[in-house]
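Peer 1: Structure incoming, see below.
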Amino acid sequence: MSQETLPKAYEPTAVEQRWRDHWEQNTTFTPEITPESEPYSIVIPPPNVTGNLHMGHALNLTVQDIMCRHARQRGKTVLWVPGMDHAGIATQNVVERRLAQEGKGRHDLGREAFIEKVWAWKEEYGGNIRRQVKALGCSVDWTRERFTMDEGLSRAVRKVFVQLYKEGLIYKGDYIVNWCTRCHTALADDEVDHLPNKGKLWHVKYPLEDGSDFITIATVRPETILGDSAVAVHPEDERYSHLIGKKVRLPFSGRLVPIIADTYVDREFGTGALKITPSHDYNDWEIGKKHNLEFIQVIDDNGIMKPNAGVLAGLRKEEAREVAAKALEEMGLLVKVEDYENSVGHCYRCKEIIEPHVSTQWFVAVRSLADKARDAVPGQTQIFPDTWLKTYYNWLDNIRDWCISRQIWWGHRIPAWACASCGHLMVEEQAPDSCAKCGHSVLKQDEDVLDTWFSSALWPFSTMGWPDKTKELETFYPTSVLVTGFDILFFWVARMMMLGIHFMGEIPFHHVYIHALVRDADGRKMSKSLGNVINPLDMIDKYGTDSLRFTLAAFAAMGRDIRLSEERIEGYRHFVNKIWNASRFALMNLPENGGELKPVDLDNIEGTHHQWILHRLEEMKAATSRSILDYRFNDAAQDLYKFIWTEFCDWYLELIKPDMYAEADDKTKDTARYVLWTVLRETLVLLHPIMPFITAEVWAALPGNGGTDIAEEPYPAPRPACLRPEAAARMNMIQEVIVAVRTIRAELNIAPSLKLKTIVRPLDAESAATLEAHRKVIEVLARLESLTLDAAAVAPKLSASQVACGNEVIVPFEGSVNLDAEKARLDKELAKLYKEQAMMEGKLASPSYVEKAPQHLVERDRARVEELIAAALKLKAVRAKFEA
RNA sequence: GGGCGGUUAGCUCAGUUGGUAGAGCAUCGGCUUUACACGCCGAGGGUCGGGGGUUCGAGCCCCUCACCGCCCACCA
């Protein structure tokens with residue numbers, strides 16, 4: 001490719017698509033496992049088949065891709081497993097909603113037909129997610145794509161279930177669970193969102209059995225009165241102590257229930273008397289168990305009052321509440337009503353209010369698993385940033401048994417069969433032919449399916465072929481790092497730890513990197529209802545994938561949320577374009593197809609500008625890799641930005657332009673070309689993990705790369721001899737001299753087109769030599785007509801001055817320059833010097849500082865004061881001439 | 001109630017073992033300097049939320065207060 005074919009502005013769309021196709025067709029990211037392989041592996045947090053990728057995914061995937069691409073550069077054999085999650089309730093809801101539009105429900109279809117519908121839906125929309133992962137440029141191994149419901153993973157799920165059951169770690173039991181009356185299923189504690197709710201607190205009189213008195217309870221749920229089994233008071237509450245043991249008559253039914261004492265009751269709250277409804281409240285359930293109370297359900301699994309609810313029977317629970325309240329008022333039992341705000345659980349999927357509901361469910365006894373998952377951190381698994389450690393511990397310490405059964409259809413069906421004849425329960429990986437106890441052949445499989453997170457918990461090893469002993473497992477388990485947002489630390493990470501340790505005998509990942517949440521520009525969570533969602537695909541269309549990825553990397557500071565706005569992404573598109581144009585410049589100056597590029601000895605190169613940029617390149621090589629390995633993506637991105645734009649483009653490319661002039665000799669040209677080629681080439685490799693596309697495109701266009709793919713290029717080896725801080729110091733001096741002239745020009749309003757005659761009085765012989773050696777470059781970049789280097793040169797009376805690293809830069813005036821402007825400029829400059837000098841001297845005047853501070857710092861400060869004094873003297877001399 | 005994070009230039013944010021503050025964007029001034037106006041050159045702008053402490057020295061460490069945000073638990 002030659003420069004003619006590189007357009008002036010970078011156009012990402014076509015370029016990116018070419019590389020996506022290239023990498024996929026060449027299976028570039030399918031690892032080759034050899035005995036020498038040093039493995040690096042990541043399993044993708046599987047996106048839900050229901051969704052579209054949002055910015056959180058884009059960040060998550062970008063981070064993983066940076067890690068994987070960099071690991072390949074370091075010579076690792078990298079496996080990044082892609083895949084998707086069947087997302088039980090979420091997916092079922094989506095499909096049900098679609099059916100509802102046709103006026104049908106899932107029961108109209110029946111279980112099998114419904115599941116077929118869901119599979120069809122998955123085929124249609126799973127492809128959508130896959131396209132988006134591809135759009136982001138993720139270097140996953142598509143030949144190993146997995147789905148939580150595919151055959152292999154389902155086998156792993158059954159095996160795990162059966163083994164845990166046989167170990168006594170899975171059991172079936174009655175429990176009060178979070179019930180969604182809309183989704184018709186139990187939910188785990190962490191699938192419930194607690195949201196503030198404005199309700200009322202009703203104070204209701206319960207008459208004593210003998211009618212002699214009342215006890216007044218406070219409740220937010222009068223509709224459950226018919227399910228009450230007791231009234232509880234605090235044992236030390238003297239207001240009620242005389243009533244303990246007596247019975248009260250419930251409103252509506254007149255049923256008698258006892259007044260019991262329990263320290264759970266808060267004397268300060270309400271009336272200090274609490275009605276106990278064991279079947280419809282989590283705490284009441286505990287109290288009911290403890291006191292052996294009656295368990296009476298008055299609300300069914302649809303949220304409708306049951307026939308035993310008397311006058312309320314058949315009403316929805318919300319209606320029943322109003323009706324009950326009104327009836328109580330009419331009966332004269334209502335003492336008062338207060339407005340009251342509490343928090344109420346909502347289904348995390350459908351937002352319906354959760355109803356505490358007693359039912360038979362399957363549970364995992366997690367205590368022993370949780371302890372091991374706790375102990376493995378941070379010894380075997382490290383969490384980054386470690387601020388999440390406490391949260392992780394806290395959750396595991398307070399964990400309750402995990403309810404894993406869900407009363408839906410889409411998911412892994414529980415591998416348990418009951419004998420139709422004797423009721424014997426069999427938990428097996430495959431359906432048994434007959435009852436193991438009575439031999440009867442009619443068996444009925446449990447209707448429930450497993451919590452989605454059950455299969456997700458196996459993901460790190462199930463995706464690698466477990467329970468078979470595969471070479472993937474042998475090579476790539478444990479995985480290197482898990483990259484995720486903190487929102488699923490518990491749902492997912494902790495459970496992978498528990499089951500990974502239990503079944504593999506080893507932690508599932510060495511590192512957990514928890515990245516930020518992506519928010520909108522105002523710090524709000526992105527959500528459809530707020531309408532503030534920035535769609536990654538839209539951004540990719542408008543600004544290119546590299547811009548988006550670089551933006552996410554640049555803002556991915558550890559432990560902090562990202563406030564994303566479109567302007568940022570647009571801003572970094574400028575950077576992509578800058579790289580593009582710098583590359584165009586390079587290609588214009590490099591030979592077309594490699595043949596004529598003459599290697600030079602970089603370790604012994606001449607020319608401060610070359611030495612300097614090679615020195616900086618060495619520093620960047622060390623820093624970039626370090627930053628990526630430490631999950632400091634913002635540092636990596638920002639260092640590269642500054643290096644490429646400010647140092648490479650603004651300075652180095654300008655510095656070598658004179659070397660490329662027609663009149664320059666061949667050696668000068670060859671040297672500049674070779675260094676230019678080297679720096680650009682290696683910088684592209686450093687940048688590649690963050691910006692895979694443009695780096696691949698430019699790499700392919702550069703001479704000498706002979707059809708290689710940058711995605712397979714190793715990280716550039718260090719060149720220790722090129723680390724030359726003294727060259728960097730010399731370069732800094734040259735830059736300061738150039739900037740001094742530019743500043744004088746700008747502040748005195750001298751036209752850029754006017755070439756200046758400039759005198760520099762060098763600080764010493766060494767400085768003089770350095771400046772002399774780079775005379776040409778100074779003349780070009782400072783736009784000079786002539787440069788006089790002479791310590792003894794006499795400054796014309798009318799001239800502007802600036803001190804640059806001790807060198808006095810003198811620009812003689814033309815008549816038109818405003819004297820006052822230069823006086824003001826000098827005064828400003830002097831003030832700056834005096835201020836710093838005063839500060840330094842103050843510091844040095846303190847005996848304790850001179851005694852206690854490290855010597856090198858004291859020396860440095862003393863030297864600095866000398867410099868400041870010398871510089872101020874020079875400027876003062878110039879200033880004095882204006883007054884004469 | 002328990003825990004965590006934040007408060008630094010107009011805005012959004014960096015600041016890696018304590019050495020006297022940086023970037024991008026925005027602002028102002030200048031520029032057809034043959035890679036790039038998605039550009040170049042230059043400039044202005046901060047008592048690092050308040051108070052106290054440790055230290056020769058604090059944006060950074062300790063205490064405290066204020067405000068903002070998040071997580072967990074509870075909520076009759």
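Residue numbers start at 1 in each chain; chains themselves are named A, B, ... in the order of the structure tokens; ligands are numbered from 1 in the order shown.
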Residues within 9 Å of B:G59, please, as a VMD selection string. Count only C-alpha atoms (C1' of nucleotides); anything in the same chain fewer than 4 positions from it doesn't count.

Peer 2: chain B and resid 8 15 21 48

Peer 1: Distance limit 7 Å, atoms considered: only C-alpha atoms (C1' of nucleotides). Which chain B residues sit that close to chain A? Return them as a PyMOL selection string.

Peer 2: chain B and resi 30-31+35-36+38+42+56+75-76

Peer 1: Take the residues just selected and output them with N, CA and C atoms (P, O5', C5', C4', C3', O3' and C1' of nucleotides) as a CSV table (one decimal), in the first residue's frame.

Peer 2:
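To be explicit, this is the file written out as part_23.csv:
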chain,number,residue,atom,x,y,z
B,30,G,P,-6.0,37.3,17.2
B,30,G,O5',-4.7,36.6,16.7
B,30,G,C5',-3.5,37.3,16.6
B,30,G,C4',-2.4,36.3,16.3
B,30,G,C3',-2.5,35.5,15.0
B,30,G,O3',-2.2,36.3,13.8
B,30,G,C1',-1.8,34.1,16.7
B,31,C,P,-3.0,35.9,12.5
B,31,C,O5',-2.3,34.5,12.1
B,31,C,C5',-0.9,34.5,11.7
B,31,C,C4',-0.5,33.0,11.5
B,31,C,C3',-1.1,32.4,10.3
B,31,C,O3',-0.5,32.7,9.1
B,31,C,C1',-1.1,30.9,12.2
B,35,A,P,4.3,17.8,5.1
B,35,A,O5',3.4,16.6,5.6
B,35,A,C5',2.7,15.8,4.7
B,35,A,C4',1.6,15.1,5.5
B,35,A,C3',0.5,16.0,6.1
B,35,A,O3',-0.5,16.3,5.2
B,35,A,C1',1.3,14.3,7.7
B,36,C,P,-1.3,17.7,5.3
B,36,C,O5',-2.2,17.5,6.6
B,36,C,C5',-3.3,16.5,6.5
B,36,C,C4',-3.8,16.2,7.9
B,36,C,C3',-4.4,17.4,8.6
B,36,C,O3',-5.7,17.7,8.3
B,36,C,C1',-3.0,16.1,10.0
B,38,C,P,-11.5,19.7,11.2
B,38,C,O5',-10.8,18.8,12.3
B,38,C,C5',-11.1,18.9,13.8
B,38,C,C4',-10.3,17.8,14.4
B,38,C,C3',-8.9,17.8,13.8
B,38,C,O3',-7.8,18.3,14.5
B,38,C,C1',-10.1,15.6,13.6
B,42,G,P,4.7,26.1,21.8
B,42,G,O5',4.0,27.4,22.4
B,42,G,C5',4.7,28.6,22.5
B,42,G,C4',3.9,29.8,22.8
B,42,G,C3',3.1,29.7,24.1
B,42,G,O3',3.9,30.0,25.2
B,42,G,C1',1.7,30.5,22.4
B,56,C,P,10.8,16.8,62.2
B,56,C,O5',10.8,18.0,61.1
B,56,C,C5',11.2,19.3,61.4
B,56,C,C4',11.4,20.1,60.1
B,56,C,C3',10.2,20.0,59.1
B,56,C,O3',9.2,21.0,59.5
B,56,C,C1',12.3,19.6,58.0
B,75,C,P,-37.0,-7.1,58.7
B,75,C,O5',-37.7,-5.6,58.7
B,75,C,C5',-38.1,-5.0,59.9
B,75,C,C4',-38.5,-3.6,59.7
B,75,C,C3',-39.5,-3.3,58.6
B,75,C,O3',-40.8,-3.6,59.1
B,75,C,C1',-37.7,-1.9,58.4
B,76,A,P,-41.8,-4.4,58.2
B,76,A,O5',-43.1,-3.9,58.8
B,76,A,C5',-44.2,-4.7,58.7
B,76,A,C4',-45.1,-4.4,59.9
B,76,A,C3',-44.9,-3.0,60.4
B,76,A,O3',-45.8,-2.1,59.7
B,76,A,C1',-44.6,-4.4,62.2

Peer 1: Pick out the residues sitting within 7 Å of A:Val512, and hand them over as a PyMOL selection string; count only C-alpha atoms (C1' of nucleotides), and ignore anything fewer than 6 positions along from it in its own chain.

Peer 2: chain A and resi 382-384+481-483

Peer 1: Dump N, CA and C atoms for the selected residues as a PDB file, in the first residue's frame?

Peer 2:
ATOM      1  N   GLN A 382      -6.386 -13.294  43.956  1.00  0.00           N
ATOM      2  CA  GLN A 382      -6.242 -11.898  44.378  1.00  0.00           C
ATOM      3  C   GLN A 382      -7.327 -11.059  43.741  1.00  0.00           C
ATOM      4  N   ILE A 383      -7.884 -10.140  44.516  1.00  0.00           N
ATOM      5  CA  ILE A 383      -8.907  -9.250  43.981  1.00  0.00           C
ATOM      6  C   ILE A 383      -8.315  -7.860  43.776  1.00  0.00           C
ATOM      7  N   PHE A 384      -8.526  -7.305  42.583  1.00  0.00           N
ATOM      8  CA  PHE A 384      -8.065  -5.949  42.255  1.00  0.00           C
ATOM      9  C   PHE A 384      -9.269  -5.074  41.921  1.00  0.00           C
ATOM     10  N   VAL A 481      -7.330 -14.561  34.814  1.00  0.00           N
ATOM     11  CA  VAL A 481      -8.029 -13.440  35.450  1.00  0.00           C
ATOM     12  C   VAL A 481      -9.502 -13.483  35.071  1.00  0.00           C
ATOM     13  N   LEU A 482     -10.325 -13.049  36.003  1.00  0.00           N
ATOM     14  CA  LEU A 482     -11.730 -12.848  35.705  1.00  0.00           C
ATOM     15  C   LEU A 482     -11.978 -11.354  35.734  1.00  0.00           C
ATOM     16  N   VAL A 483     -12.561 -10.845  34.664  1.00  0.00           N
ATOM     17  CA  VAL A 483     -12.806  -9.410  34.555  1.00  0.00           C
ATOM     18  C   VAL A 483     -14.308  -9.175  34.651  1.00  0.00           C
TER      19      VAL A 483
END

Peer 1: List the neighbours of stretch 863-877 of chain A out to 7 Å using only C-alpha atoms (C1' of nucleotides); skip same-chain residues closer than 4 positions along the sequence, and give me the result as an MDAnalysis selection string.

Peer 2: chainID A and resid 801 803 806 826 830 833 837 840 859 881

Peer 1: Would you mind exporting the chosen residues as a PDB file, in the first residue's frame, restricted to N, CA, C and O atoms?

Peer 2:
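The new file part_30.pdb reads:
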ATOM      1  N   SER A 801      14.501  39.047  25.726  1.00  0.00           N
ATOM      2  CA  SER A 801      15.330  37.968  26.254  1.00  0.00           C
ATOM      3  C   SER A 801      14.529  36.945  27.025  1.00  0.00           C
ATOM      4  O   SER A 801      13.486  37.255  27.601  1.00  0.00           O
ATOM      5  N   VAL A 803      15.600  33.200  29.398  1.00  0.00           N
ATOM      6  CA  VAL A 803      16.632  32.264  29.783  1.00  0.00           C
ATOM      7  C   VAL A 803      16.093  30.844  29.650  1.00  0.00           C
ATOM      8  O   VAL A 803      15.034  30.524  30.186  1.00  0.00           O
ATOM      9  N   GLY A 806      19.559  28.058  31.366  1.00  0.00           N
ATOM     10  CA  GLY A 806      20.785  28.807  31.599  1.00  0.00           C
ATOM     11  C   GLY A 806      21.323  29.528  30.370  1.00  0.00           C
ATOM     12  O   GLY A 806      22.183  30.393  30.469  1.00  0.00           O
ATOM     13  N   LEU A 826       8.910  40.749  30.645  1.00  0.00           N
ATOM     14  CA  LEU A 826      10.078  40.543  31.497  1.00  0.00           C
ATOM     15  C   LEU A 826       9.711  40.620  32.971  1.00  0.00           C
ATOM     16  O   LEU A 826      10.189  39.810  33.779  1.00  0.00           O
ATOM     17  N   LEU A 830      10.326  37.730  35.593  1.00  0.00           N
ATOM     18  CA  LEU A 830      11.138  37.970  36.790  1.00  0.00           C
ATOM     19  C   LEU A 830      10.350  37.621  38.052  1.00  0.00           C
ATOM     20  O   LEU A 830      10.877  37.011  38.979  1.00  0.00           O
ATOM     21  N   LEU A 833      10.454  34.019  38.653  1.00  0.00           N
ATOM     22  CA  LEU A 833      11.747  33.581  39.157  1.00  0.00           C
ATOM     23  C   LEU A 833      11.907  33.939  40.631  1.00  0.00           C
ATOM     24  O   LEU A 833      12.353  33.126  41.438  1.00  0.00           O
ATOM     25  N   GLN A 837      12.470  31.509  43.794  1.00  0.00           N
ATOM     26  CA  GLN A 837      13.705  31.697  44.550  1.00  0.00           C
ATOM     27  C   GLN A 837      13.400  31.891  46.031  1.00  0.00           C
ATOM     28  O   GLN A 837      14.044  31.297  46.899  1.00  0.00           O
ATOM     29  N   MET A 840      12.443  28.628  47.617  1.00  0.00           N
ATOM     30  CA  MET A 840      13.597  27.745  47.777  1.00  0.00           C
ATOM     31  C   MET A 840      14.490  28.211  48.918  1.00  0.00           C
ATOM     32  O   MET A 840      14.955  27.422  49.729  1.00  0.00           O
ATOM     33  N   GLU A 859      21.015  19.426  47.833  1.00  0.00           N
ATOM     34  CA  GLU A 859      21.915  19.819  46.751  1.00  0.00           C
ATOM     35  C   GLU A 859      21.134  20.355  45.559  1.00  0.00           C
ATOM     36  O   GLU A 859      21.466  21.380  44.981  1.00  0.00           O
ATOM     37  N   LYS A 881      18.199  48.079  30.566  1.00  0.00           N
ATOM     38  CA  LYS A 881      18.515  48.835  29.346  1.00  0.00           C
ATOM     39  C   LYS A 881      17.303  49.594  28.808  1.00  0.00           C
ATOM     40  O   LYS A 881      17.426  50.659  28.237  1.00  0.00           O
TER      41      LYS A 881
END

Peer 1: Near A:Ala320, counting only C-alpha atoms (C1' of nucleotides), which residues have an atom at most 10 Å away, once you skip same-chain residues fewer than 3 positions from it, shown as a list in words?

Peer 2: Arg221, Pro222, Glu223, Thr224, Ile304, Met305, Ala309, Val311, Leu312, Ala313, Gly314, Leu315, Arg316, Lys317, Val323, Ala324, Ala325 and Lys326 of chain A

Peer 1: Using only C-alpha atoms (C1' of nucleotides), determine which residues lie at most 8 Å from stretch 69-74 of chain B, disregarding the query and same-chain residues fewer than 2 positions distant; provide the list as number ranges by chain.

Peer 2: A: 395; B: 1-6

Peer 1: I want to know what sits within 12 Å of A:Ser434, based on only C-alpha atoms (C1' of nucleotides), with residues of the same chain fewer than 6 positions away left out; could you give that as number ranges by chain?

Peer 2: A: 417-426, 428, 440-444

Peer 1: Put those residues in a file: C-alpha atoms, as an mmCIF file, in the first residue's frame.

Peer 2:
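Saved the output as result_30.cif:
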data_model
loop_
_atom_site.group_PDB
_atom_site.id
_atom_site.type_symbol
_atom_site.label_atom_id
_atom_site.label_comp_id
_atom_site.auth_asym_id
_atom_site.auth_seq_id
_atom_site.Cartn_x
_atom_site.Cartn_y
_atom_site.Cartn_z
ATOM 1 C CA TRP A 417 -37.339 -38.130 39.591
ATOM 2 C CA ALA A 418 -40.089 -39.257 41.925
ATOM 3 C CA CYS A 419 -41.679 -42.677 41.685
ATOM 4 C CA ALA A 420 -45.353 -42.358 40.882
ATOM 5 C CA SER A 421 -46.052 -45.399 42.952
ATOM 6 C CA CYS A 422 -44.039 -45.149 46.149
ATOM 7 C CA GLY A 423 -42.854 -41.556 45.949
ATOM 8 C CA HIS A 424 -39.183 -42.522 46.205
ATOM 9 C CA LEU A 425 -36.946 -39.668 45.038
ATOM 10 C CA MET A 426 -34.035 -40.411 42.714
ATOM 11 C CA GLU A 428 -29.427 -39.105 38.785
ATOM 12 C CA HIS A 440 -42.317 -49.178 39.355
ATOM 13 C CA SER A 441 -41.621 -47.738 35.938
ATOM 14 C CA VAL A 442 -43.719 -44.584 36.048
ATOM 15 C CA LEU A 443 -41.421 -41.793 37.183
ATOM 16 C CA LYS A 444 -42.060 -38.111 37.226
#

Peer 1: Identify, with DSSP run on backbone atoms, the residues in stretch 518-715 of chain A assigned to alpha helix (DSSP H), and express the list as a PyMOL selection string.

Peer 2: chain A and resi 536-543+545-554+566-589+608-629+633-642+654-660+666-687+692-701

Peer 1: Using only C-alpha atoms, can you tell me which of A:Met149, A:Val43, A:Ala553, A:Leu396 comes closest to A:Val78?

Peer 2: A:Val43

Peer 1: Give me every strand (DSSP E) residue in stretch 127-325 of chain A, going by DSSP on the backbone, as a PyMOL selection string.

Peer 2: chain A and resi 146-147+170-180+185-187+192-207+214-219+230-233+247-249+256-261+273-276

Peer 1: Measuring between only C-alpha atoms (C1' of nucleotides), which one of B:C60, B:C28, B:G44, B:G39 shows the shortest distance to B:U16?

Peer 2: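 With only C-alpha atoms (C1' of nucleotides) as the atom set, the closest residue is B:C60.
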
Peer 1: What is the distance, in Å and to one decimal place, between atom CA of A:Asn197 and atom CA of A:Glu318?

Peer 2: 13.4 Å

Peer 1: For B:A58, which of B:A9, B:A37, B:U20, B:A14 is the closest residue, counting only C-alpha atoms (C1' of nucleotides)?

Peer 2: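 Ranked by minimum distance to B:A58, first place goes to B:U20.
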